[in-house]
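Engineer: The structure under discussion is supplied below as structure tokens; questions concerning it will follow.
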Amino acid sequence: MPVLNIVEAVNMALREEMQRDKRVVILGEDVGVNGGVFRATVGLQEEFGNKRVIDTPILENGIVGCAIGMAVYGLRPVVEIQFMGFIYYILNHIISHAARLRTRSRGRYTVPLVIRAPYGAGIRAPEHHSESTEAIFAHIPGIKVVVSSTPRDTKGLLISAIRDPDPTIFLEPKRIYRALKGDVPDEEYTIPLGKARIVREGKDLSIICWGAMVMVAEAVANEAINDGLDIEIIDLRTLSPLDKDAVISSVEKTGRALVIHEAPKTGGLGAEIVALINEKALLYLKAPVLRVTGQDVAVPLSQAEDYYIPSVARVLNALRDIMAF
Amino acid sequence: MLKILDENGNVNPVLEPELRGDELIQMYKFMVFSRVADEKAFSLQREGRMGTYAQLKGQEAAQVGSSYALREMDWIFPSYRDLGAMIVRGLPLEYIYLYWMGNEEGSRIPEDVNVFPLSVPVGSQIPIGVGFSNAIKLDEGNAVTVVYFGDGATSEGDFHEGMNWAGVFKTPTVFFCENNQWAISVPRNKQTASKTISQKASAYGFKGIQVDGNDLLAVYSATKEAVEKAQKGEGPTLVEAYTYRMSDHTTADDSGRYRNESEIKKWVEQDPIKRFKLYLELKGLLDNSLDDKIRKETGQMVDNAVKKAEACPAPKPEDIFKYTYAEMPDHLQEQLDELEDSIG
Ligand SMILES: Cc1ncc(C[n+]2csc(CCOP(=O)(O)OP(=O)(O)O)c2C)c(N)n1
Ligand SMILES: [Mg+2]
């Protein structure tokens, strides 16, 4: 089984889906000749030609508007937005069209569209290159939001997103784009959207997280062993729709929960998860559910970005507060 | 295409702008300074002393010629590649270095420097600059605003909306496009089906002019004329400086994947600094000893800026919170306390 990083897993998923389904087309800035600024589409234009792997001008709003038209026609566009910091240009098309064409046309017109974007801080990138604003998208009814955290998941989830009949925002954690390597099966497989993964089973406390924060959670769980604690980690994988059952059954078992996300705290998905636990599992709780998140500020430039991202130390503090409650 | 200096530094005497010798030398110094500062930034990045950096090499005449044509009161709205323009407008180099070293203090633009923070989201500075110049007009001020952007930016809606606004409201705006032939890996002819970028202005009801962007005098003259026109209330102009990005897109890019060496070579022969130097020599304003002196002084100034930037203290936790609002709300204070607690 090949050992790949996340970028390579993206590439493999795209290649296999393009081979399997000629309706799949790739659109984006520098995705063709250059193979993507992160190399995620490398070799695809050579293999599938410039009609299916399209180097667009710089016009995010236009790319997504045109991709919606293509999707309605019957193609399966996969758009690359170079960085999540440049995704806001497309919000109107996502909210006003992609997310509601099915509703507006009473099911006649659908938008099987995938928008991929690397997200997140931690690689000392320039300004606007470290954003983690998934909550904006999870707030929009009618689109799905997926965040992968391992090479294996990346391939399986991306293939599911491409095959899904509805629009999906697919976020790739660039902090671990290359750093994390793992087995990725050569053969075709999918991982269903809307299903979380239990990264690690434990009985004392559930950490709920996604994307690059899964690695932070794992580091915390290892540290917590020294405190005699047995931590369960749930990687949500899909933020919308949420795998409620996975969260609830874990909390019913452990009675304690902690959410980690890199996005700012206010209005973040952590609040959604806390509310869910409150609605469905309140009486199982032995302590309040806490959140460790990015700060409520613009992501700082590189010298201060460690103050922004949830650190192992911050998560451990919260974890000890919960345990001491 | 407006051209005043040919490749050998010969000037078209009819078009030669009226500039004193000391002004010409000053412009030359700014170009050399931009080049040396740019090369220094590149090596700092390679040594791990700076983050990703976008080089301007090859665009010195476009940046210096345009910004030097401005008056003290005028404003610029730069993009990430506009170190040269920002320097001419008085932003100390150590600020620019600090920014690319990942320290927000680099964005603390001194009060008397009329430079907007450089813009990374492509083209987004355009409507903001237009609005700023519209405000100047409403306020019956005299200043003019220059927005800088690349060829790639002309595809964004922000460019078209800014151009449209400026045309409708006749704002005192100069749209300065550095057409460096590439937008990362996408060549100019794949960016737009328009034959030139300058011709786009006519769709919005004002004048566009294409100038040889490696000809300092042509850039200077075209910008100066556009500024004078704007200041008289005659509205905006689009200036397309036809130039070339001699370096990779940024230090994170490898342009060998999408363009060939022979193209770069051809443009290196068009080096804007070399051309202007020949002109100054022909005019008897510059000789080797003065040039050596300028380069030596420039090197020292650049080294000084590196020293200052590297001496700037690292940010403290509070620095990421305290500029979010005029007054720090409770929830940010709480987050700061929690962070400080975790650091111990
Ligand atoms: C809105 C947006 N989309 C994408 C990017 C990534 N990006 C940075 S520079 C660039 C190319 C810009 O080309 P051009 O406008 O010609 O300016 P140049 O870099 O050549 O100076 C791209 C696509 C960005 N910064 N902002
Ligand atoms: Mg360009």
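Identifiers in this document derive from the order of the structure tokens: chains are assigned A, B, ..., residues are numbered from 1 separately in each chain, and ligands are numbered from 1 in order of occurrence.
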Just need the residues of chain A within 9 Å of chain B, counting only C-alpha atoms, so spit them out as a tab-separated table (two decimals) with C-alpha atoms, in the first residue's frame.

Structural biologist:
chain	number	residue	atom	x	y	z
A	29	GLU	CA	-5.66	29.29	-10.52
A	30	ASP	CA	-2.36	27.60	-11.45
A	32	GLY	CA	-2.86	23.08	-14.81
A	33	VAL	CA	0.62	23.77	-16.16
A	34	ASN	CA	1.93	24.47	-12.67
A	35	GLY	CA	0.14	21.56	-11.02
A	37	VAL	CA	0.74	25.95	-5.84
A	55	ASP	CA	-6.09	27.18	-15.62
A	56	THR	CA	-8.45	30.04	-14.95
A	57	PRO	CA	-7.74	33.76	-14.77
A	58	ILE	CA	-7.68	35.20	-11.23
A	59	LEU	CA	-11.39	35.55	-10.46
A	60	GLU	CA	-12.58	33.35	-7.61
A	61	ASN	CA	-16.12	34.66	-7.82
A	62	GLY	CA	-16.20	33.94	-11.53
A	85	GLY	CA	-8.14	33.39	2.84
A	86	PHE	CA	-9.33	34.02	-0.72
A	124	ARG	CA	4.54	30.51	8.96
A	125	ALA	CA	2.65	31.61	5.86
A	126	PRO	CA	2.11	35.22	4.80
A	127	GLU	CA	-0.90	37.33	5.77
A	128	HIS	CA	-4.33	35.95	4.72
A	295	GLN	CA	-8.45	33.52	19.47
A	296	ASP	CA	-11.13	35.98	18.43
A	297	VAL	CA	-8.67	38.02	16.39
A	298	ALA	CA	-7.40	38.18	12.83
A	299	VAL	CA	-4.85	35.38	12.47
A	300	PRO	CA	-1.54	37.04	13.38
A	301	LEU	CA	1.52	37.04	11.18
A	302	SER	CA	3.97	34.21	11.69
A	303	GLN	CA	5.92	35.51	14.69
A	304	ALA	CA	2.76	35.51	16.79
A	305	GLU	CA	0.75	32.72	15.24
A	307	TYR	CA	-0.40	32.66	20.34
A	308	TYR	CA	-3.38	32.11	18.09
A	311	SER	CA	-1.51	24.69	21.88
A	313	ALA	CA	-0.53	23.50	26.91
A	314	ARG	CA	-3.83	25.35	26.51
A	315	VAL	CA	-5.72	22.15	25.85
A	316	LEU	CA	-4.13	20.45	28.85
A	317	ASN	CA	-5.15	23.34	31.08

Engineer: Let's see if you can do this: from backbone DSSP, list all strand (DSSP E or B) residues in range 26-267 of chain B, as an mmCIF file with N, CA and C atoms, in the first residue's frame.

Structural biologist:
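Below you can see states-v6.cif, which holds the result:
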data_model
loop_
_atom_site.group_PDB
_atom_site.id
_atom_site.type_symbol
_atom_site.label_atom_id
_atom_site.label_comp_id
_atom_site.auth_asym_id
_atom_site.auth_seq_id
_atom_site.Cartn_x
_atom_site.Cartn_y
_atom_site.Cartn_z
ATOM 1 N N TRP B 75 -1.416 59.709 -2.308
ATOM 2 C CA TRP B 75 -1.503 58.427 -1.598
ATOM 3 C C TRP B 75 -1.258 57.250 -2.531
ATOM 4 N N ILE B 76 -0.676 56.180 -1.978
ATOM 5 C CA ILE B 76 -0.607 54.947 -2.773
ATOM 6 C C ILE B 76 -1.260 53.783 -2.026
ATOM 7 N N PHE B 77 -1.830 52.882 -2.802
ATOM 8 C CA PHE B 77 -2.450 51.651 -2.311
ATOM 9 C C PHE B 77 -1.723 50.489 -2.982
ATOM 10 N N SER B 79 0.279 46.725 -3.696
ATOM 11 C CA SER B 79 0.121 45.278 -3.529
ATOM 12 C C SER B 79 1.389 44.737 -2.871
ATOM 13 N N VAL B 115 0.854 55.856 2.791
ATOM 14 C CA VAL B 115 0.861 54.531 2.173
ATOM 15 C C VAL B 115 -0.162 53.663 2.896
ATOM 16 N N SER B 119 -1.586 45.083 0.093
ATOM 17 C CA SER B 119 -2.735 44.197 0.013
ATOM 18 C C SER B 119 -2.337 42.861 -0.602
ATOM 19 N N THR B 145 -4.905 59.567 -5.628
ATOM 20 C CA THR B 145 -4.608 58.229 -5.130
ATOM 21 C C THR B 145 -4.124 57.342 -6.278
ATOM 22 N N VAL B 146 -3.050 56.619 -6.027
ATOM 23 C CA VAL B 146 -2.581 55.660 -7.026
ATOM 24 C C VAL B 146 -2.785 54.250 -6.483
ATOM 25 N N VAL B 147 -3.523 53.423 -7.207
ATOM 26 C CA VAL B 147 -3.671 52.032 -6.802
ATOM 27 C C VAL B 147 -2.767 51.178 -7.689
ATOM 28 N N TYR B 148 -1.983 50.335 -7.046
ATOM 29 C CA TYR B 148 -1.044 49.456 -7.751
ATOM 30 C C TYR B 148 -1.607 48.045 -7.786
ATOM 31 N N PHE B 149 -1.474 47.390 -8.912
ATOM 32 C CA PHE B 149 -1.929 46.002 -9.022
ATOM 33 C C PHE B 149 -1.264 45.360 -10.230
ATOM 34 N N GLY B 150 -1.396 44.053 -10.322
ATOM 35 C CA GLY B 150 -0.753 43.326 -11.411
ATOM 36 C C GLY B 150 -1.705 43.045 -12.558
ATOM 37 N N THR B 173 -8.176 59.233 -9.314
ATOM 38 C CA THR B 173 -7.498 57.954 -9.122
ATOM 39 C C THR B 173 -6.587 57.655 -10.311
ATOM 40 N N VAL B 174 -5.409 57.138 -10.006
ATOM 41 C CA VAL B 174 -4.567 56.590 -11.069
ATOM 42 C C VAL B 174 -4.510 55.084 -10.856
ATOM 43 N N PHE B 175 -4.969 54.323 -11.835
ATOM 44 C CA PHE B 175 -4.883 52.866 -11.790
ATOM 45 C C PHE B 175 -3.545 52.500 -12.406
ATOM 46 N N PHE B 176 -2.658 51.971 -11.588
ATOM 47 C CA PHE B 176 -1.325 51.673 -12.112
ATOM 48 C C PHE B 176 -1.114 50.168 -12.162
ATOM 49 N N CYS B 177 -1.185 49.630 -13.358
ATOM 50 C CA CYS B 177 -1.051 48.180 -13.531
ATOM 51 C C CYS B 177 0.376 47.828 -13.890
ATOM 52 N N GLU B 178 1.003 47.031 -13.055
ATOM 53 C CA GLU B 178 2.326 46.509 -13.403
ATOM 54 C C GLU B 178 2.104 45.200 -14.149
ATOM 55 N N ASN B 179 2.038 45.315 -15.445
ATOM 56 C CA ASN B 179 1.879 44.109 -16.259
ATOM 57 C C ASN B 179 3.244 43.460 -16.391
ATOM 58 N N TRP B 182 3.165 37.839 -16.086
ATOM 59 C CA TRP B 182 2.799 36.582 -15.436
ATOM 60 C C TRP B 182 1.960 36.837 -14.188
ATOM 61 N N ALA B 183 1.037 35.940 -13.941
ATOM 62 C CA ALA B 183 0.309 35.907 -12.678
ATOM 63 C C ALA B 183 0.557 34.489 -12.160
ATOM 64 N N VAL B 186 0.334 31.832 -14.850
ATOM 65 C CA VAL B 186 -0.562 32.126 -15.976
ATOM 66 C C VAL B 186 -0.036 33.336 -16.756
ATOM 67 N N PRO B 187 0.269 33.133 -18.042
ATOM 68 C CA PRO B 187 0.814 34.238 -18.833
ATOM 69 C C PRO B 187 -0.266 35.261 -19.186
ATOM 70 N N LYS B 207 -9.379 57.350 -20.040
ATOM 71 C CA LYS B 207 -8.210 57.061 -20.847
ATOM 72 C C LYS B 207 -7.304 55.992 -20.218
ATOM 73 N N GLY B 208 -6.796 55.135 -21.070
ATOM 74 C CA GLY B 208 -5.773 54.200 -20.650
ATOM 75 C C GLY B 208 -4.544 54.421 -21.501
ATOM 76 N N ILE B 209 -3.389 54.220 -20.905
ATOM 77 C CA ILE B 209 -2.165 54.385 -21.689
ATOM 78 C C ILE B 209 -1.201 53.257 -21.358
ATOM 79 N N GLN B 210 -0.603 52.692 -22.390
ATOM 80 C CA GLN B 210 0.399 51.652 -22.185
ATOM 81 C C GLN B 210 1.772 52.292 -22.298
ATOM 82 N N VAL B 211 2.607 52.018 -21.299
ATOM 83 C CA VAL B 211 3.960 52.577 -21.359
ATOM 84 C C VAL B 211 4.978 51.454 -21.211
ATOM 85 N N ASP B 212 6.161 51.718 -21.740
ATOM 86 C CA ASP B 212 7.263 50.782 -21.538
ATOM 87 C C ASP B 212 7.631 50.838 -20.058
ATOM 88 N N THR B 237 -7.251 57.702 -14.704
ATOM 89 C CA THR B 237 -6.498 57.190 -15.854
ATOM 90 C C THR B 237 -5.999 55.793 -15.483
ATOM 91 N N LEU B 238 -5.961 54.929 -16.463
ATOM 92 C CA LEU B 238 -5.326 53.622 -16.274
ATOM 93 C C LEU B 238 -3.970 53.636 -16.972
ATOM 94 N N VAL B 239 -2.923 53.406 -16.212
ATOM 95 C CA VAL B 239 -1.578 53.321 -16.790
ATOM 96 C C VAL B 239 -1.143 51.864 -16.757
ATOM 97 N N GLU B 240 -0.837 51.317 -17.900
ATOM 98 C CA GLU B 240 -0.313 49.950 -17.956
ATOM 99 C C GLU B 240 1.184 50.019 -18.180
ATOM 100 N N ALA B 241 1.939 49.592 -17.176
ATOM 101 C CA ALA B 241 3.393 49.548 -17.326
ATOM 102 C C ALA B 241 3.775 48.148 -17.803
ATOM 103 N N TYR B 242 4.270 48.087 -19.010
ATOM 104 C CA TYR B 242 4.591 46.816 -19.647
ATOM 105 C C TYR B 242 5.994 46.415 -19.207
#

Engineer: If DSSP is run on the backbone, what residues of range 77-285 of chain A are alpha helix (DSSP H)? A reply as number ranges by chain would be ideal.

Structural biologist: A: 91-93, 101-104, 134-138, 151-163, 213-225, 244-254, 269-281

Engineer: Taking 2 positions as the minimum chain separation for residues in the same chain, which residues sit within 9 Å of Ile234 in chain A when counting only C-alpha atoms? Answer as a PyMOL selection string.

Structural biologist: chain A and resi 196-201+206-210+214+232+236-237+246-247+250

Engineer: Skipping near chain neighbours, those fewer than 6 positions away, what residues fall within 10 Å of Thr251 in chain B using only C-alpha atoms, listed as a list in words?

Structural biologist: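 Non-adjacent residues within range: Ala41, Phe42, Ser43, Gln45, Arg46, Gly51, Thr52, Tyr53, Ala54 and Gln55 of chain B.
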
Engineer: Could you check which of B:Ala201, B:Ala85, B:Ile136, B:Met301 is closest to Met27 in chain B, using only C-alpha atoms?

Structural biologist: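 When distances to Met27 in chain B are compared using only C-alpha atoms, the smallest one comes from B:Ala85.
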
Engineer: So that I can see what lies close to Glu17 in chain A, please list as a count of residues only the residues with an atom at most 8 Å from it, counting only C-alpha atoms and leaving out residues fewer than 6 positions away in the same chain.

Structural biologist: 3

Engineer: Tell me which of B:Ala166, B:Ile126, B:Leu2, B:Leu19 sits closest to ligand 1, counting only C-alpha atoms and all ligand atoms.

Structural biologist: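 Looking at the shortest contact to ligand 1, the residue is B:Ile126.
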
Engineer: If we count only C-alpha atoms and set the cut-off at 8 Å, which residues sit around Ile115 in chain A, ignoring sequence neighbours fewer than 3 positions away in its own chain? Please answer as a PyMOL selection string.

Structural biologist: chain A and resi 78-81+167-170

Engineer: Using only C-alpha atoms and all ligand atoms, find the one residue out of A:Val146, A:Val216, A:Ala13, A:Ile63 that sits nearest to ligand 1.

Structural biologist: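 Under the stated criterion, the closest residue is A:Ile63.
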
Engineer: A:Val289, A:Leu4, A:Met84, A:Val114: which is nearest ligand 1, counting only C-alpha atoms and all ligand atoms?

Structural biologist: A:Met84

Engineer: What separation in Å, quoted to one decimal, exists between CA of Ala143 in chain B and CA of Ser66 in chain B?

Structural biologist: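 Distance between the two atoms: 15.1 Å.
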
Engineer: Go through A:His129, A:Arg291, A:Arg178, A:Lys195 and flag the residue nearest ligand 1, using only C-alpha atoms and all ligand atoms for the distances.

Structural biologist: A:His129

Engineer: Find the residues around Lys203 in chain A up to 12 Å (only C-alpha atoms counted), leave out those fewer than 3 positions away in its own chain, and share them as a PyMOL selection string.

Structural biologist: chain A and resi 200+206-207+221+228-233+249-257

Engineer: Report, in Å to a single decimal, how far apart CA of Gln19 in chain A and CA of Gln45 in chain A are.

Structural biologist: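 Rounded to one decimal, the two atoms are 12.4 Å apart.
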